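Colleague: This one is start_12.cif, mmCIF, C-alpha atoms and all ligand atoms.
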```
data_model
loop_
_atom_site.label_atom_id
_atom_site.label_comp_id
_atom_site.auth_asym_id
_atom_site.auth_seq_id
_atom_site.Cartn_x
_atom_site.Cartn_y
_atom_site.Cartn_z
CA MET A 121 28.83 15.95 13.67
CA SER A 122 31.20 18.89 14.11
CA ALA A 123 30.05 21.98 16.00
CA GLY A 124 30.61 24.13 12.94
CA ALA A 125 28.09 22.09 10.94
CA ALA A 126 25.31 22.38 13.54
CA ARG A 127 23.49 25.34 12.00
CA PRO A 128 23.38 24.05 8.40
CA ARG A 129 22.24 20.67 9.65
CA ARG A 130 19.38 22.29 11.55
CA ARG A 131 18.34 24.02 8.35
CA ARG A 132 18.40 20.72 6.45
CA ARG A 133 16.30 18.91 9.02
CA ALA A 134 13.80 21.75 9.06
CA ALA A 135 13.47 21.57 5.28
CA GLY A 136 12.99 17.81 5.49
CA LEU A 137 10.23 18.21 8.06
CA ALA A 138 8.42 20.74 5.88
CA LEU A 139 8.52 18.41 2.88
CA ALA A 140 7.33 15.45 4.90
CA LEU A 141 4.44 17.35 6.48
CA THR A 142 3.41 18.75 3.13
CA ALA A 143 3.08 15.21 1.80
CA ALA A 144 1.19 14.05 4.88
CA GLN A 145 -1.19 16.99 4.85
CA ALA A 146 -1.90 16.46 1.17
CA CYS A 147 -2.88 12.88 1.90
CA ALA A 148 -4.96 13.86 4.91
CA ALA A 149 -7.10 16.09 2.72
CA SER A 150 -7.91 13.30 0.27
CA LEU A 151 -7.10 9.61 0.28
CA PRO A 152 -8.73 8.33 -2.91
CA LEU A 153 -8.25 4.82 -4.19
CA SER A 154 -5.77 4.65 -7.03
CA PRO A 155 -6.30 2.11 -9.83
CA ALA A 156 -2.66 1.07 -10.26
CA LEU A 157 -1.65 1.09 -6.61
CA PRO A 158 -1.93 -1.53 -3.90
CA ASN A 159 -4.57 0.36 -1.92
CA GLU A 160 -4.17 -0.59 1.71
CA ILE A 161 -7.22 -0.47 3.99
CA PRO A 162 -6.08 -1.09 7.58
CA PHE A 163 -8.23 -1.92 10.58
CA ALA A 164 -7.81 -3.09 14.16
CA PRO A 165 -6.22 -6.58 14.30
CA GLN A 166 -8.76 -9.31 15.06
CA SER A 167 -9.52 -12.93 14.35
CA ALA A 168 -11.70 -13.79 11.35
CA THR A 169 -12.33 -16.56 8.86
CA PHE A 170 -14.29 -14.54 6.32
CA VAL A 171 -13.20 -11.19 4.88
CA ARG A 172 -15.77 -9.45 2.71
CA VAL A 173 -15.42 -6.20 0.80
CA GLU A 174 -18.79 -4.58 0.21
CA LEU A 175 -18.91 -2.38 -2.89
CA ARG A 176 -21.96 -0.30 -2.05
CA HIS A 177 -21.96 1.69 -5.24
CA SER A 178 -19.54 2.42 -8.06
CA PRO A 179 -19.62 4.65 -11.13
CA ASP A 180 -19.43 1.54 -13.30
CA MET A 181 -19.29 -2.19 -12.73
CA PRO A 182 -16.24 -2.37 -10.46
CA CYS A 183 -13.09 -4.30 -11.30
CA ILE A 184 -10.54 -5.73 -8.84
CA ASP A 185 -7.41 -7.46 -10.10
CA GLU A 186 -6.41 -8.83 -6.70
CA LEU A 187 -7.85 -8.86 -3.18
CA GLU A 188 -5.20 -9.47 -0.55
CA VAL A 189 -5.52 -10.02 3.19
CA TYR A 190 -2.73 -9.56 5.72
CA GLY A 191 -2.20 -10.05 9.41
CA PRO A 192 -0.40 -7.57 11.69
CA GLU A 193 2.94 -9.23 10.98
CA GLY A 194 2.53 -8.46 7.24
CA GLY A 195 4.52 -10.73 4.98
CA THR A 196 2.29 -13.47 3.61
CA ASN A 197 -0.88 -12.68 1.71
CA LEU A 198 -3.41 -14.88 3.53
CA ALA A 199 -5.98 -14.65 0.73
CA LEU A 200 -4.05 -16.59 -1.91
CA ALA A 201 -5.89 -19.55 -3.41
CA SER A 202 -2.61 -21.43 -3.36
CA SER A 203 -2.78 -21.20 0.45
CA GLY A 204 -6.25 -22.74 0.55
CA ALA A 205 -8.33 -19.54 0.65
CA LYS A 206 -11.56 -19.44 -1.35
CA ALA A 207 -12.84 -16.42 -3.27
CA SER A 208 -16.50 -15.70 -3.93
CA ALA A 209 -18.45 -12.71 -5.18
CA SER A 210 -21.96 -11.37 -5.52
CA SER A 211 -21.84 -11.58 -9.31
CA LEU A 212 -19.58 -11.78 -12.34
CA LEU A 213 -19.63 -9.94 -15.65
CA PRO A 214 -20.34 -12.86 -18.03
CA GLY A 215 -18.54 -13.78 -21.19
CA HIS A 216 -14.94 -12.81 -20.45
CA ALA A 217 -12.36 -15.46 -19.64
CA ILE A 218 -9.98 -12.83 -18.30
CA HIS A 219 -12.53 -11.75 -15.67
CA GLN A 220 -13.24 -14.51 -13.16
CA VAL A 221 -14.09 -14.78 -9.48
CA ALA A 222 -11.08 -17.03 -9.06
CA HIS A 223 -8.88 -14.22 -10.33
CA LEU A 224 -9.56 -12.27 -7.13
CA ASN A 225 -6.98 -14.36 -5.29
CA ASP A 226 -4.85 -16.06 -7.95
CA GLY A 227 -1.83 -13.92 -7.06
CA ARG A 228 -1.66 -12.40 -10.53
CA TYR A 229 -2.11 -8.69 -11.20
CA GLY A 230 -3.47 -6.80 -14.18
CA ASN A 231 -6.73 -6.53 -16.08
CA SER A 232 -6.21 -9.96 -17.65
CA HIS A 233 -6.33 -11.60 -14.22
CA SER A 234 -9.19 -9.67 -12.65
CA TRP A 235 -12.81 -9.81 -11.56
CA ILE A 236 -15.60 -7.51 -12.75
CA ALA A 237 -19.03 -7.35 -11.15
CA ALA A 238 -22.20 -7.70 -13.20
CA GLY A 239 -23.67 -4.61 -11.52
CA SER A 240 -22.59 -1.35 -9.95
CA ARG A 241 -24.57 -1.41 -6.69
CA ASN A 242 -24.45 -3.65 -3.62
CA GLU A 243 -21.82 -5.95 -5.02
CA TRP A 244 -19.30 -7.76 -2.84
CA VAL A 245 -16.20 -9.90 -2.98
CA GLN A 246 -15.14 -12.30 -0.27
CA ILE A 247 -12.24 -14.40 0.89
CA GLU A 248 -12.81 -17.44 3.10
CA LEU A 249 -9.61 -18.35 4.89
CA PRO A 250 -8.87 -22.04 5.49
CA GLN A 251 -8.88 -21.40 9.24
CA PRO A 252 -9.38 -18.41 11.58
CA ARG A 253 -6.50 -15.95 11.37
CA THR A 254 -5.68 -12.60 12.93
CA VAL A 255 -6.17 -10.06 10.14
CA SER A 256 -5.49 -6.31 10.12
CA LYS A 257 -5.43 -5.10 6.53
CA ILE A 258 -6.77 -5.72 3.06
CA VAL A 259 -5.15 -4.53 -0.15
CA ILE A 260 -7.08 -4.04 -3.39
CA SER A 261 -6.16 -2.73 -6.80
CA ARG A 262 -7.95 -2.32 -10.12
CA ASP A 263 -5.02 -2.88 -12.51
CA ARG A 264 -1.63 -3.11 -10.88
CA GLU A 265 -0.07 -3.04 -14.36
CA GLY A 266 -1.35 0.52 -14.78
CA ARG A 267 -3.11 0.09 -18.13
CA TYR A 268 -6.72 0.64 -17.01
CA ALA A 269 -8.11 3.26 -14.65
CA ASP A 270 -11.85 2.79 -15.19
CA ARG A 271 -14.26 0.62 -13.15
CA MET A 272 -12.98 1.93 -9.83
CA PRO A 273 -14.97 0.95 -6.74
CA GLY A 274 -16.83 3.82 -5.09
CA ALA A 275 -18.14 3.38 -1.54
CA VAL A 276 -16.31 0.44 0.03
CA GLU A 277 -16.78 -1.28 3.37
CA VAL A 278 -14.65 -4.07 4.83
CA CYS A 279 -16.53 -6.59 6.95
CA LEU A 280 -15.29 -9.61 8.91
CA SER A 281 -17.04 -12.73 10.10
CA ASP A 282 -16.23 -15.90 12.01
CA ASP A 283 -19.01 -17.96 10.46
CA GLY A 284 -19.99 -16.26 7.20
CA GLN A 285 -23.33 -15.29 8.74
CA HIS A 286 -22.69 -12.61 11.34
CA TRP A 287 -20.64 -9.67 10.11
CA ARG A 288 -18.88 -6.73 11.72
CA SER A 289 -17.77 -3.63 9.84
CA VAL A 290 -14.12 -2.72 10.40
CA ALA A 291 -13.33 -0.04 7.78
CA ARG A 292 -15.16 2.15 5.31
CA LEU A 293 -14.37 4.29 2.31
CA ALA A 294 -16.97 6.80 1.20
CA ASP A 295 -16.86 7.83 -2.44
CA GLY A 296 -13.42 6.33 -2.85
CA THR A 297 -11.98 8.28 0.08
CA LEU A 298 -10.48 6.41 2.96
CA ARG A 299 -12.28 6.98 6.22
CA PRO A 300 -10.99 4.25 8.52
CA ASP A 301 -12.61 3.67 11.87
CA ALA A 302 -9.26 4.23 13.57
CA PRO A 303 -7.43 7.56 13.11
CA LEU A 304 -4.56 7.54 10.66
CA THR A 305 -1.14 8.12 12.16
CA GLU A 306 1.51 10.35 10.63
CA GLU A 307 3.35 7.19 9.59
CA ASP A 308 0.20 5.90 7.83
CA LEU A 309 0.03 9.16 5.89
CA LEU A 310 3.72 9.17 5.02
CA ARG A 311 3.55 5.58 3.79
CA ARG A 312 0.65 6.47 1.53
CA ALA A 313 2.41 9.62 0.32
CA PHE A 314 5.56 7.69 -0.52
CA THR A 315 3.55 4.92 -2.23
CA ARG A 316 1.85 7.47 -4.48
CA GLU A 317 5.14 9.22 -5.14
CA GLU A 318 6.63 5.89 -6.21
CA ALA A 319 3.70 5.22 -8.56
CA SER A 320 4.34 8.58 -10.25
CA LEU A 321 8.08 7.98 -10.52
CA ARG A 322 7.51 4.55 -12.08
CA LYS A 323 5.92 6.25 -15.09
CA VAL A 324 9.18 8.00 -15.99
CA ASP A 325 11.82 5.74 -14.46
CA ALA A 326 11.65 1.95 -14.52
CA THR A 327 14.46 1.60 -12.00
CA ASP A 328 13.71 -0.77 -9.13
CA PRO A 329 12.25 1.46 -6.39
CA GLY A 330 14.68 0.12 -3.80
CA VAL A 331 17.64 0.94 -6.03
CA ARG A 332 16.19 4.35 -6.86
CA VAL A 333 15.61 5.50 -3.29
CA LEU A 334 19.12 4.48 -2.23
CA ARG A 335 20.58 6.22 -5.26
CA GLN A 336 18.64 9.39 -4.40
CA MET A 337 19.80 9.16 -0.80
CA ASP A 338 23.38 8.84 -2.05
CA GLU A 339 22.96 11.89 -4.29
CA LEU A 340 21.48 13.92 -1.43
CA ILE A 341 24.34 12.99 0.91
CA THR A 342 26.85 13.90 -1.79
CA ARG A 343 25.21 17.30 -2.25
CA LEU A 344 25.16 17.95 1.50
CA GLY A 345 28.79 16.88 1.75
CA GLY A 346 29.60 19.30 -1.05
CA ARG A 347 28.23 22.10 1.12
CA GLY A 348 30.64 21.29 3.90
CA LEU A 349 28.29 19.29 6.14
CA ASP A 350 29.53 16.33 8.11
CA THR A 351 27.59 13.46 6.52
CA ARG A 352 29.44 10.53 8.05
CA GLY A 353 26.35 9.45 9.99
CA GLU A 354 24.11 9.59 6.93
CA ARG A 355 26.75 7.77 4.85
CA ALA A 356 26.94 4.99 7.44
CA GLU A 357 23.14 4.78 7.44
CA LEU A 358 23.14 4.47 3.65
CA ASP A 359 25.77 1.74 3.78
CA GLU A 360 23.63 -0.17 6.25
CA PHE A 361 20.57 0.15 3.99
CA ARG A 362 22.62 -1.15 1.06
CA ARG A 363 23.89 -4.07 3.11
CA ARG A 364 20.34 -5.04 4.08
CA ALA A 365 19.02 -4.52 0.53
CA ALA A 366 21.65 -6.90 -0.85
CA SER A 367 20.25 -9.78 1.20
CA PRO A 368 18.43 -12.24 -1.11
CA ALA A 369 16.25 -13.20 1.87
CA LEU A 370 14.73 -9.73 1.96
CA THR A 371 11.37 -9.96 0.17
CA GLY A 372 7.75 -8.88 0.45
CA ASP A 373 6.81 -6.54 3.27
CA ALA A 374 10.35 -6.62 4.73
CA LEU A 375 11.70 -5.24 1.45
CA ALA A 376 8.90 -2.67 1.27
CA ASN A 377 9.68 -1.62 4.84
CA LEU A 378 13.35 -1.16 3.99
CA ARG A 379 12.42 1.06 1.05
CA TYR A 380 10.13 3.07 3.32
CA GLN A 381 12.83 3.49 5.96
CA ALA A 382 15.35 4.60 3.33
CA ARG A 383 12.84 6.99 1.78
CA ARG A 384 12.06 8.44 5.19
CA ALA A 385 15.75 8.73 6.08
CA LYS A 386 16.28 10.71 2.88
CA ARG A 387 14.00 13.39 4.34
CA PRO A 388 14.19 12.85 8.09
CA VAL A 389 11.39 13.79 10.42
CA PRO A 390 12.42 14.55 14.02
CA ALA A 391 10.83 12.25 16.60
CA CA A 401 -5.72 -11.65 -9.86
#
```
Spit out the file's structure as structure tokens when you get a sec.
Ligand SMILES: [Ca+2]
Modeller:
Amino acid sequence: MSAGAARPRRRRRAAGLALALTAAQACAASLPLSPALPNEIPFAPQSATFVRVELRHSPDMPCIDELEVYGPEGGTNLALASSGAKASASSLLPGHAIHQVAHLNDGRYGNSHSWIAAGSRNEWVQIELPQPRTVSKIVISRDREGRYADRMPGAVEVCLSDDGQHWRSVARLADGTLRPDAPLTEEDLLRRAFTREEASLRKVDATDPGVRVLRQMDELITRLGGRGLDTRGERAELDEFRRRAASPALTGDALANLRYQARRAKRPVPA
């Protein structure tokens, strides 16, 4: 960067920091579950064979369209029935083919591939993994297709077990608000803020989120360049993001991480 551009660049970075902290602080105040989002509930990595989500109480009989389990490396959803995992539940709302216990881990999203409890208190859903695995996060959603927002779980607790008999609590949500045992980091908050931002943008713009964030980054760089700033570094960073995004091997969490990195680069936060 040229010396003459130093002052404007400082102003830009300061503005980016303010925006980022505003998003993080907003999330810190309230982290409710969202029906259409993949709601991540992280906890300390540890070995388990059984992962149970206790639904202590809900406003109505709760619905979950998919229960996913991940290890610290992310990537593969360990809970998938196609991987040998078994789903079970405390109860099932009878009489609806689209609501089944097996739909908890069939890998398909939306109300038509979901589970609904028969009651609203002390219900639970469970995944039994085919063998002990190191797990560190569950992800639940009500209707990832965004058509239904009712039947949201209220108080939620994630419990793990090695034998299906002795359980240990690893994360809790009270009244739909995330209160993990471990403190949330700024990165945790930013990821949640960006995820919610993306859910809002999806309602007005069906563009692939990866394409959108790189396009926005391009537009921002162009605007900054138009103000006389040296943006060669940012342009090179964008080119690198585009090169990585073009790789057909980039899928799942790796693709989500790339989108997050690009979104964060668009509004940088000083280390
Ligand atoms: Ca499902």
Colleague: Quick check, in Å to one decimal: how far apart do atom CA of Arg335 of chain A and atom CA of Pro158 of chain A lie?
Modeller: 23.8 Å
Colleague: Ligand CA 401 (chain A): which residues are within 6 Å, counting all atoms listed in the file, as a count of residues only?
Modeller: 11
Colleague: Skip Arg352 of chain A itself and residues of its chain fewer than 4 positions away, then list as a list in words all residues within 10 Å of it, counting all atoms listed in the file.
Modeller: Met121, Ile341, Gly345, Ala356, Glu357 and Leu358 of chain A
Colleague: What would the file look like if the residues just selected were written as a JSON list (two decimals), keeping the file's coordinate frame with C-alpha atoms?
Modeller:
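Final output, part-v7.json:
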```json
[["chain", "number", "residue", "atom", "x", "y", "z"],
["A", 121, "MET", "CA", 28.83, 15.95, 13.67],
["A", 341, "ILE", "CA", 24.34, 12.99, 0.91],
["A", 345, "GLY", "CA", 28.79, 16.88, 1.75],
["A", 356, "ALA", "CA", 26.94, 4.99, 7.44],
["A", 357, "GLU", "CA", 23.14, 4.78, 7.44],
["A", 358, "LEU", "CA", 23.14, 4.47, 3.65]]
```
Colleague: Just to confirm, what's the straight-line distance from atom CA of Arg241 of chain A to atom CA of Ser178 of chain A in Å (one decimal)?
Modeller: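 Going from atom CA of Arg241 of chain A over to atom CA of Ser178 of chain A, I get 6.5 Å.
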Colleague: Between A:Trp244, A:Trp235, A:Phe170, A:Phe361, which has the minimum distance to Glu277 of chain A (counting only C-alpha atoms)?
Modeller: A:Trp244
Colleague: Looking at A:Ile258, A:Ala382, A:Ala168, A:Ala238, which one is nearest to His216 of chain A, with distances taken over all atoms listed in the file?
Modeller: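 Under the stated criterion, the closest residue is A:Ala238.
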Colleague: Determine, using only C-alpha atoms, which residues of segment 163-250 of chain A have any atom at most 10 Å from an atom of segment 287-294 of chain A, and tabulate each with its shortest atom pair and distance in Å to one decimal place, rows ordered by chain and then rising number, as CSV.
Modeller:
```
residue,atom,partner,partner_atom,distance
A:Phe163,CA,A:Val290,CA,5.9
A:Ala164,CA,A:Val290,CA,7.4
A:Pro165,CA,A:Val290,CA,9.6
A:Gln166,CA,A:Val290,CA,9.7
A:Ala168,CA,A:Trp287,CA,9.9
A:Phe170,CA,A:Trp287,CA,8.9
A:Val171,CA,A:Trp287,CA,9.2
A:Arg172,CA,A:Trp287,CA,8.9
A:Val173,CA,A:Arg292,CA,9.5
A:Glu174,CA,A:Arg292,CA,9.2
A:Leu175,CA,A:Leu293,CA,9.6
A:Arg176,CA,A:Ala294,CA,9.3
A:His177,CA,A:Ala294,CA,9.6
```
Colleague: Any idea what's packed within 12 Å of Pro214 of chain A, counting only C-alpha atoms, ignoring anything in its chain fewer than 2 positions away? Could you give it as an MDAnalysis selection string?
Modeller: chainID A and resid 181 211:212 216:221 235:239
Colleague: Rank nothing, just name the residue among A:Ala222, A:Pro250, A:Gly230, A:Ser167 nearest to Gly204 of chain A, using only C-alpha atoms.
Modeller: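 Checking each of A:Ala222, A:Pro250, A:Gly230, A:Ser167 against Gly204 of chain A, counting only C-alpha atoms, the winner is A:Pro250.
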